[in-house]
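Structure file entry_15.txt with compact mmCIF, C-alpha atoms:
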```txt
# COMPACT_ATOMS: atom_id res chain seq x y z
CA MET E 23 2.14 -266.34 -78.33
CA GLY E 24 3.69 -263.91 -75.88
CA PHE E 25 0.63 -261.66 -75.84
CA GLU E 26 -3.01 -262.61 -75.41
CA LEU E 27 -6.00 -260.89 -77.00
CA LEU E 28 -9.33 -261.55 -75.29
CA GLY E 29 -12.52 -260.84 -77.20
CA VAL E 30 -15.04 -259.08 -74.98
CA VAL E 31 -18.63 -260.28 -74.60
CA ASP E 32 -20.68 -257.90 -72.42
CA LEU E 33 -24.01 -259.42 -71.37
CA ARG E 34 -27.06 -257.44 -70.33
CA GLY E 35 -30.64 -258.70 -70.19
CA GLY E 36 -29.71 -261.90 -72.00
CA LEU E 37 -28.07 -260.06 -74.91
CA ALA E 38 -24.53 -259.29 -76.03
CA VAL E 39 -24.27 -255.51 -75.94
CA ARG E 40 -21.75 -252.91 -77.03
CA ALA E 41 -20.10 -251.11 -74.13
CA ARG E 42 -19.32 -247.39 -74.28
CA GLY E 43 -17.85 -245.46 -71.40
CA GLY E 44 -19.39 -247.57 -68.64
CA ARG E 45 -22.88 -246.12 -69.25
CA ARG E 46 -24.59 -249.49 -69.03
CA ASP E 47 -28.18 -248.31 -69.45
CA ALA E 48 -27.25 -247.00 -72.89
CA TYR E 49 -25.59 -250.18 -74.18
CA GLU E 50 -27.17 -251.53 -77.39
CA PRO E 51 -27.30 -255.12 -78.72
CA ILE E 52 -24.51 -256.01 -81.13
CA ASP E 53 -25.80 -256.89 -84.61
CA SER E 54 -22.64 -256.91 -86.73
CA VAL E 55 -18.97 -257.81 -86.43
CA ALA E 56 -16.53 -256.18 -88.85
CA GLY E 57 -19.25 -255.84 -91.48
CA GLU E 58 -20.77 -259.30 -91.00
CA THR E 59 -24.33 -259.37 -89.64
CA ILE E 60 -25.30 -261.50 -86.67
CA GLN E 61 -28.63 -261.82 -84.89
CA ALA E 62 -28.88 -258.79 -82.62
CA GLY E 63 -27.50 -259.62 -79.18
CA ASP E 64 -26.62 -263.25 -79.96
CA ALA E 65 -23.81 -263.84 -77.47
CA ARG E 66 -22.75 -267.23 -78.84
CA ALA E 67 -22.65 -265.92 -82.40
CA LEU E 68 -20.40 -263.07 -81.25
CA ALA E 69 -18.15 -265.50 -79.40
CA CYS E 70 -17.91 -267.71 -82.50
CA GLN E 71 -16.91 -264.70 -84.59
CA TYR E 72 -14.08 -263.95 -82.18
CA VAL E 73 -12.88 -267.55 -82.12
CA GLU E 74 -13.44 -268.69 -85.71
CA ARG E 75 -13.04 -265.48 -87.69
CA PHE E 76 -10.35 -263.69 -85.68
CA GLY E 77 -8.62 -266.72 -84.20
CA LEU E 78 -8.74 -265.44 -80.63
CA SER E 79 -7.76 -267.99 -77.99
CA ALA E 80 -9.76 -266.64 -75.03
CA LEU E 81 -12.91 -264.66 -74.23
CA TYR E 82 -13.67 -262.12 -71.53
CA VAL E 83 -17.32 -262.26 -70.45
CA ALA E 84 -18.81 -259.51 -68.30
CA ASP E 85 -22.21 -260.41 -66.87
CA LEU E 86 -23.36 -256.84 -66.30
CA ASP E 87 -26.61 -257.97 -64.68
CA ALA E 88 -24.71 -259.93 -62.04
CA ILE E 89 -22.31 -257.01 -61.52
CA ASP E 90 -25.32 -254.71 -61.00
CA ARG E 91 -26.88 -257.20 -58.55
CA ARG E 92 -29.60 -258.40 -60.90
CA GLN E 93 -30.38 -261.91 -62.14
CA PRO E 94 -27.14 -263.55 -63.35
CA GLN E 95 -26.95 -264.61 -67.00
CA HIS E 96 -25.84 -268.20 -66.38
CA ALA E 97 -27.37 -269.61 -69.59
CA GLN E 98 -25.67 -266.99 -71.74
CA VAL E 99 -22.32 -267.57 -70.05
CA ARG E 100 -22.64 -271.30 -70.80
CA ALA E 101 -23.54 -270.49 -74.41
CA VAL E 102 -20.42 -268.36 -74.81
CA ALA E 103 -18.28 -271.06 -73.20
CA SER E 104 -19.62 -273.56 -75.76
CA ALA E 105 -17.93 -271.54 -78.55
CA GLY E 106 -14.75 -273.41 -77.70
CA ALA E 107 -12.41 -270.86 -76.12
CA PRO E 108 -11.55 -270.43 -72.43
CA VAL E 109 -13.80 -267.91 -70.69
CA TRP E 110 -12.64 -265.31 -68.18
CA LEU E 111 -15.79 -264.45 -66.24
CA ASP E 112 -16.50 -261.12 -64.56
CA ALA E 113 -19.86 -261.57 -62.81
CA GLY E 114 -19.77 -259.53 -59.62
CA ILE E 115 -17.97 -262.35 -57.84
CA ASP E 116 -17.62 -261.40 -54.17
CA SER E 117 -17.75 -264.74 -52.34
CA ILE E 118 -16.55 -268.33 -52.54
CA ASP E 119 -20.07 -269.42 -53.53
CA ASP E 120 -20.10 -266.95 -56.42
CA ALA E 121 -16.72 -268.22 -57.54
CA ARG E 122 -17.84 -271.84 -57.48
CA GLY E 123 -20.96 -270.90 -59.43
CA GLY E 124 -18.82 -269.22 -62.08
CA LEU E 125 -16.74 -272.35 -62.52
CA LEU E 126 -19.92 -274.43 -62.89
CA CYS E 127 -20.97 -272.11 -65.74
CA GLY E 128 -17.84 -273.07 -67.65
CA ALA E 129 -15.44 -270.29 -66.68
CA SER E 130 -11.76 -271.17 -66.78
CA ARG E 131 -10.75 -268.02 -64.91
CA LEU E 132 -12.71 -265.95 -62.42
CA ILE E 133 -12.43 -262.18 -62.37
CA VAL E 134 -12.94 -260.46 -59.04
CA GLY E 135 -13.56 -256.78 -59.69
CA LEU E 136 -12.76 -253.85 -57.45
CA GLU E 137 -16.21 -252.46 -58.28
CA THR E 138 -17.88 -255.24 -56.25
CA LEU E 139 -15.07 -256.38 -53.91
CA PRO E 140 -15.95 -256.13 -50.19
CA SER E 141 -12.35 -256.56 -48.99
CA PHE E 142 -9.02 -258.07 -49.93
CA HIS E 143 -9.63 -260.73 -47.29
CA VAL E 144 -12.52 -261.94 -49.47
CA LEU E 145 -10.26 -261.95 -52.52
CA GLU E 146 -7.68 -264.01 -50.67
CA SER E 147 -10.34 -266.55 -49.59
CA ILE E 148 -11.51 -266.93 -53.21
CA VAL E 149 -7.93 -267.50 -54.37
CA GLN E 150 -7.41 -270.14 -51.70
CA ASP E 151 -10.62 -271.95 -52.63
CA ALA E 152 -10.43 -271.76 -56.43
CA GLY E 153 -6.65 -271.86 -56.85
CA ARG E 154 -4.25 -269.10 -57.84
CA GLU E 155 -4.23 -269.89 -61.58
CA ARG E 156 -7.98 -269.36 -61.77
CA VAL E 157 -8.34 -265.93 -60.16
CA VAL E 158 -7.76 -262.53 -61.79
CA PHE E 159 -8.25 -259.12 -60.19
CA SER E 160 -9.92 -256.37 -62.20
CA LEU E 161 -8.62 -252.96 -61.15
CA ASP E 162 -11.77 -251.03 -62.06
CA LEU E 163 -11.13 -247.36 -62.78
CA ARG E 164 -12.88 -244.36 -64.24
CA ASP E 165 -10.55 -241.73 -65.67
CA GLY E 166 -7.75 -243.30 -63.67
CA ARG E 167 -9.60 -243.24 -60.33
CA PRO E 168 -10.60 -246.42 -58.48
CA ILE E 169 -14.24 -247.54 -58.49
CA ALA E 170 -14.60 -249.17 -55.09
CA THR E 171 -17.38 -250.43 -52.84
CA THR E 172 -16.00 -248.95 -49.63
CA PRO E 173 -14.36 -245.62 -48.70
CA GLU E 174 -11.41 -247.56 -47.29
CA LEU E 175 -10.65 -249.17 -50.65
CA ALA E 176 -11.35 -245.95 -52.57
CA ARG E 177 -8.64 -244.12 -50.61
CA HIS E 178 -5.88 -246.27 -52.10
CA THR E 179 -3.99 -245.50 -55.30
CA PRO E 180 -4.36 -247.86 -58.26
CA GLN E 181 -0.81 -249.05 -57.65
CA ASP E 182 -1.55 -249.90 -54.02
CA LEU E 183 -4.70 -251.77 -54.98
CA ALA E 184 -2.88 -253.80 -57.62
CA ALA E 185 -0.13 -254.65 -55.12
CA ARG E 186 -2.67 -255.78 -52.53
CA ALA E 187 -4.33 -258.00 -55.12
CA ALA E 188 -0.98 -259.54 -56.00
CA ASP E 189 -0.34 -260.16 -52.31
CA ALA E 190 -3.74 -261.91 -52.13
CA GLY E 191 -2.42 -264.40 -54.68
CA VAL E 192 -4.10 -263.59 -58.00
CA VAL E 193 -2.46 -264.74 -61.22
CA ALA E 194 -3.10 -261.49 -63.11
CA VAL E 195 -4.44 -257.95 -62.88
CA ILE E 196 -6.66 -256.34 -65.52
CA VAL E 197 -6.34 -252.55 -65.55
CA LEU E 198 -9.84 -251.63 -66.77
CA ASP E 199 -10.68 -247.96 -67.23
CA LEU E 200 -14.41 -247.78 -67.96
CA ALA E 201 -14.16 -244.24 -69.31
CA ARG E 202 -11.97 -245.56 -72.13
CA VAL E 203 -14.19 -248.53 -73.02
CA GLY E 204 -15.60 -248.14 -76.53
CA SER E 205 -14.01 -244.71 -76.86
CA ALA E 206 -11.16 -245.47 -79.29
CA SER E 207 -9.18 -243.02 -77.15
CA GLY E 208 -6.09 -245.17 -76.77
CA VAL E 209 -4.66 -246.93 -73.75
CA ASP E 210 -3.12 -245.30 -70.68
CA LEU E 211 0.45 -246.50 -71.10
CA GLU E 212 1.73 -244.47 -68.15
CA MET E 213 -0.79 -246.01 -65.76
CA LEU E 214 -0.05 -249.49 -67.08
CA ALA E 215 3.68 -248.94 -66.62
CA ARG E 216 3.16 -247.89 -63.00
CA ILE E 217 1.03 -250.98 -62.34
CA ARG E 218 3.56 -253.22 -64.11
CA ASP E 219 6.32 -251.89 -61.87
CA CYS E 220 4.22 -252.54 -58.73
CA VAL E 221 3.29 -256.14 -59.54
CA PRO E 222 6.21 -257.76 -61.38
CA SER E 223 5.15 -261.24 -60.25
CA VAL E 224 1.72 -261.28 -61.95
CA GLY E 225 0.41 -260.74 -65.45
CA VAL E 226 -0.93 -257.30 -66.39
CA TYR E 227 -3.73 -256.93 -68.94
CA ALA E 228 -5.13 -253.72 -70.42
CA GLY E 229 -8.83 -253.00 -70.76
CA GLY E 230 -10.41 -250.02 -72.49
CA GLY E 231 -9.25 -247.82 -75.36
CA VAL E 232 -7.51 -250.27 -77.72
CA ARG E 233 -7.81 -248.78 -81.22
CA SER E 234 -5.54 -250.77 -83.49
CA ILE E 235 -2.77 -253.30 -83.78
CA ASP E 236 -0.34 -250.43 -83.07
CA ASP E 237 -1.82 -250.14 -79.58
CA ILE E 238 -1.38 -253.89 -79.12
CA GLU E 239 2.28 -253.62 -80.08
CA GLN E 240 2.80 -250.72 -77.67
CA LEU E 241 1.17 -252.69 -74.87
CA GLN E 242 3.40 -255.66 -75.51
CA ARG E 243 6.51 -253.49 -75.54
CA SER E 244 5.40 -251.98 -72.22
CA GLY E 245 5.42 -255.43 -70.59
CA CYS E 246 1.71 -256.23 -70.62
CA GLU E 247 0.70 -259.85 -71.10
CA GLY E 248 -2.55 -259.15 -72.93
CA ALA E 249 -5.52 -256.89 -73.64
CA LEU E 250 -9.30 -256.94 -73.76
CA VAL E 251 -10.63 -255.93 -77.18
CA ALA E 252 -14.16 -255.31 -78.45
CA SER E 253 -14.81 -252.13 -80.47
CA ALA E 254 -11.65 -252.42 -82.58
CA LEU E 255 -12.80 -255.90 -83.66
CA LEU E 256 -16.46 -254.96 -84.08
CA ASP E 257 -15.54 -251.98 -86.27
CA GLY E 258 -12.98 -253.89 -88.30
CA ARG E 259 -10.05 -251.76 -87.13
CA ILE E 260 -8.26 -254.96 -86.13
CA MET E 261 -8.69 -257.95 -88.44
CA LYS E 262 -7.33 -261.47 -88.39
CA GLY E 263 -4.57 -260.54 -90.83
CA ASP E 264 -3.36 -257.85 -88.43
CA ILE E 265 -3.34 -260.33 -85.56
CA ASP E 266 -1.54 -263.00 -87.60
CA LEU E 267 1.08 -260.49 -88.75
CA HIS E 268 1.63 -259.33 -85.19
CA LEU E 269 2.05 -262.88 -83.95
CA SER E 270 4.53 -263.64 -86.70
CA ARG E 271 6.76 -260.91 -85.28
CA VAL E 272 6.59 -262.15 -81.69
```

Encoded form (structure tokens):
Amino acid sequence: MGFELLGVVDLRGGLAVRARGGRRDAYEPIDSVAGETIQAGDARALACQYVERFGLSALYVADLDAIDRRQPQHAQVRAVASAGAPVWLDAGIDSIDDARGGLLCGASRLIVGLETLPSFHVLESIVQDAGRERVVFSLDLRDGRPIATTPELARHTPQDLAARAADAGVVAVIVLDLARVGSASGVDLEMLARIRDCVPSVGVYAGGGVRSIDDIEQLQRSGCEGALVASALLDGRIMKGDIDLHLSRV
């Protein structure tokens, strides 16, 4: 297709919740998708909407409990995976054991996020164990600034961090600005262009701020391989007809 849209399923406390600005304590269960009601927080129902109603070919699942070092939502991840689309799993993965556990839950790709990454040595070890095609790095930002676990990592620019992840062997980098999530503020095309220039050998995906199919087209023209989308689908600002029309032009 030339460009991949991933429907976002954020999990918290066993429920699919709507993310806004990275303020996780304020996230509320999702109870409708583009005007169609679902049981509040039903993660599998949300995943089925993305796959069956919008025709999306992959899902991004963020286990926010695991990221925040609480009880992982393994059952919910499996439920989402049963909807029939490949799952990219972001679950605070910071070890080989975590990565193996994610694969056992049905993930096809494992996302290792800067927010929980101890070191790039750990990322490299996960890539070597799981295989390059299965590991994606999430460049976690807030207002363009890295969200890192250590002062050493926090000192680097986003471009440096993306380059180090590419050197560690990941197949793709997600540029995820939490301040833009759920904001309908648009994507940071300048940041994405800088990252694209730094890591020409890996895929670059945008996360946070996608408002419409126009944003998708701009991202594709900028050289991105895909984007994470939630609010624009939930609010009906992007519908299947928009996606089909876009794909017909690719």

Worksheet item: Could you work out how far CA of Ala184 in chain E lies from CA of Ser79 in chain E, giving the answer in Å with one decimal?
Response: 25.3 Å

Discussion item. So that I can check the surroundings of Glu58 in chain E, please list as a ChimeraX atom specification every protein, DNA and RNA residue that reaches within 10 Å of it, counting all atoms listed in the file and ignoring chain neighbours fewer than 3 positions away.
Written reply: /E:53-55,71,256,258

Fill in: Counting only C-alpha atoms, the option among E:Ala65, E:Leu33, E:Cys246, E:Leu139 closest to Arg218 in chain E
E:Cys246

Worksheet item: At what distance in Å, to one decimal, does CA of Leu68 in chain E lie from CA of Ser104 in chain E?
Response: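 Computed distance, CA of Ser104 in chain E to CA of Leu68 in chain E, equals 11.9 Å.
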
Expected residue set, 10 Å radius at (-25.9, -248.5, -63.9), only C-alpha atoms, as a PDB file with C-alpha atoms, in the frame of the given file:
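Result went into result14.pdb, see below:
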```
ATOM      1  CA  GLY E  44     -19.390-247.570 -68.640  1.00  0.00           C
ATOM      2  CA  ARG E  45     -22.880-246.120 -69.250  1.00  0.00           C
ATOM      3  CA  ARG E  46     -24.590-249.490 -69.030  1.00  0.00           C
ATOM      4  CA  ASP E  47     -28.180-248.310 -69.450  1.00  0.00           C
ATOM      5  CA  ALA E  48     -27.250-247.000 -72.890  1.00  0.00           C
ATOM      6  CA  LEU E  86     -23.360-256.840 -66.300  1.00  0.00           C
ATOM      7  CA  ASP E  87     -26.610-257.970 -64.680  1.00  0.00           C
ATOM      8  CA  ILE E  89     -22.310-257.010 -61.520  1.00  0.00           C
ATOM      9  CA  ASP E  90     -25.320-254.710 -61.000  1.00  0.00           C
TER      10      ASP E  90
END
```

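Taking CA of Val221 in chain E as the reference point, CA of Ile260 in chain E is found at 29.0 Å.
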
Worksheet item: Quick one: of E:Leu27, E:Ile60, E:Leu125, E:Gly204, who's nearest to Val73 in chain E, counting all atoms listed in the file?
Response: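 Checking each candidate against Val73 in chain E, we get E:Leu27 as the closest.
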
Long-range neighbours of Ala152 in chain E as a PDB file with C-alpha atoms, keeping the file's coordinate frame, 9 Å cut-off, all atoms listed in the file, 3 positions minimum in chain:
```
ATOM      1  CA  ILE E 118     -16.550-268.330 -52.540  1.00  0.00           C
ATOM      2  CA  ALA E 121     -16.720-268.220 -57.540  1.00  0.00           C
ATOM      3  CA  ARG E 122     -17.840-271.840 -57.480  1.00  0.00           C
ATOM      4  CA  LEU E 125     -16.740-272.350 -62.520  1.00  0.00           C
ATOM      5  CA  LEU E 132     -12.710-265.950 -62.420  1.00  0.00           C
ATOM      6  CA  SER E 147     -10.340-266.550 -49.590  1.00  0.00           C
ATOM      7  CA  ILE E 148     -11.510-266.930 -53.210  1.00  0.00           C
ATOM      8  CA  VAL E 149      -7.930-267.500 -54.370  1.00  0.00           C
ATOM      9  CA  GLU E 155      -4.230-269.890 -61.580  1.00  0.00           C
ATOM     10  CA  ARG E 156      -7.980-269.360 -61.770  1.00  0.00           C
ATOM     11  CA  VAL E 157      -8.340-265.930 -60.160  1.00  0.00           C
TER      12      VAL E 157
END
```

Would you fill the gaps in range 212-236 of chain E so it has N, CA and C atoms, then print it as a CSV table (one decimal), keeping the file's coordinate frame?
```csv
chain,number,residue,atom,x,y,z
E,212,GLU,N,1.0,-244.9,-69.4
E,212,GLU,CA,1.7,-244.5,-68.2
E,212,GLU,C,1.2,-245.2,-66.9
E,213,MET,N,-0.2,-245.3,-66.9
E,213,MET,CA,-0.8,-246.0,-65.8
E,213,MET,C,-0.4,-247.5,-65.8
E,214,LEU,N,-0.4,-248.1,-67.0
E,214,LEU,CA,0.0,-249.5,-67.1
E,214,LEU,C,1.4,-249.7,-66.7
E,215,ALA,N,2.3,-248.8,-67.0
E,215,ALA,CA,3.7,-248.9,-66.6
E,215,ALA,C,3.8,-248.9,-65.1
E,216,ARG,N,3.1,-248.0,-64.5
E,216,ARG,CA,3.2,-247.9,-63.0
E,216,ARG,C,2.7,-249.2,-62.4
E,217,ILE,N,1.6,-249.7,-62.9
E,217,ILE,CA,1.0,-251.0,-62.3
E,217,ILE,C,2.0,-252.1,-62.6
E,218,ARG,N,2.6,-252.2,-63.8
E,218,ARG,CA,3.6,-253.2,-64.1
E,218,ARG,C,4.7,-253.2,-63.1
E,219,ASP,N,5.2,-252.0,-62.8
E,219,ASP,CA,6.3,-251.9,-61.9
E,219,ASP,C,5.9,-252.4,-60.5
E,220,CYS,N,4.7,-252.2,-60.1
E,220,CYS,CA,4.2,-252.5,-58.7
E,220,CYS,C,4.0,-254.0,-58.6
E,221,VAL,N,3.7,-254.7,-59.7
E,221,VAL,CA,3.3,-256.1,-59.5
E,221,VAL,C,4.1,-257.0,-60.6
E,222,PRO,N,5.4,-257.0,-60.4
E,222,PRO,CA,6.2,-257.8,-61.4
E,222,PRO,C,6.0,-259.3,-61.4
E,223,SER,N,5.3,-259.8,-60.3
E,223,SER,CA,5.2,-261.2,-60.2
E,223,SER,C,3.9,-261.7,-60.9
E,224,VAL,N,3.0,-260.8,-61.4
E,224,VAL,CA,1.7,-261.3,-62.0
E,224,VAL,C,1.6,-260.7,-63.3
E,225,GLY,N,0.7,-261.3,-64.1
E,225,GLY,CA,0.4,-260.7,-65.4
E,225,GLY,C,-0.4,-259.5,-65.4
E,226,VAL,N,-0.2,-258.5,-66.3
E,226,VAL,CA,-0.9,-257.3,-66.4
E,226,VAL,C,-1.6,-257.2,-67.8
E,227,TYR,N,-2.9,-257.0,-67.7
E,227,TYR,CA,-3.7,-256.9,-68.9
E,227,TYR,C,-4.4,-255.6,-69.0
E,228,ALA,N,-4.5,-255.0,-70.2
E,228,ALA,CA,-5.1,-253.7,-70.4
E,228,ALA,C,-6.6,-253.9,-70.9
E,229,GLY,N,-7.4,-253.0,-70.3
E,229,GLY,CA,-8.8,-253.0,-70.8
E,229,GLY,C,-9.3,-251.6,-71.0
E,230,GLY,N,-9.9,-251.3,-72.2
E,230,GLY,CA,-10.4,-250.0,-72.5
E,230,GLY,C,-9.5,-249.2,-73.3
E,231,GLY,N,-10.0,-248.8,-74.5
E,231,GLY,CA,-9.2,-247.8,-75.4
E,231,GLY,C,-8.4,-248.4,-76.5
E,232,VAL,N,-8.3,-249.7,-76.6
E,232,VAL,CA,-7.5,-250.3,-77.7
E,232,VAL,C,-8.1,-249.9,-79.1
E,233,ARG,N,-7.3,-249.3,-79.9
E,233,ARG,CA,-7.8,-248.8,-81.2
E,233,ARG,C,-7.3,-249.6,-82.4
E,234,SER,N,-6.2,-250.2,-82.3
E,234,SER,CA,-5.5,-250.8,-83.5
E,234,SER,C,-4.4,-251.7,-83.1
E,235,ILE,N,-3.9,-252.4,-84.1
E,235,ILE,CA,-2.8,-253.3,-83.8
E,235,ILE,C,-1.6,-252.5,-83.3
E,236,ASP,N,-1.4,-251.2,-83.6
E,236,ASP,CA,-0.3,-250.4,-83.1
E,236,ASP,C,-0.4,-250.3,-81.6
```
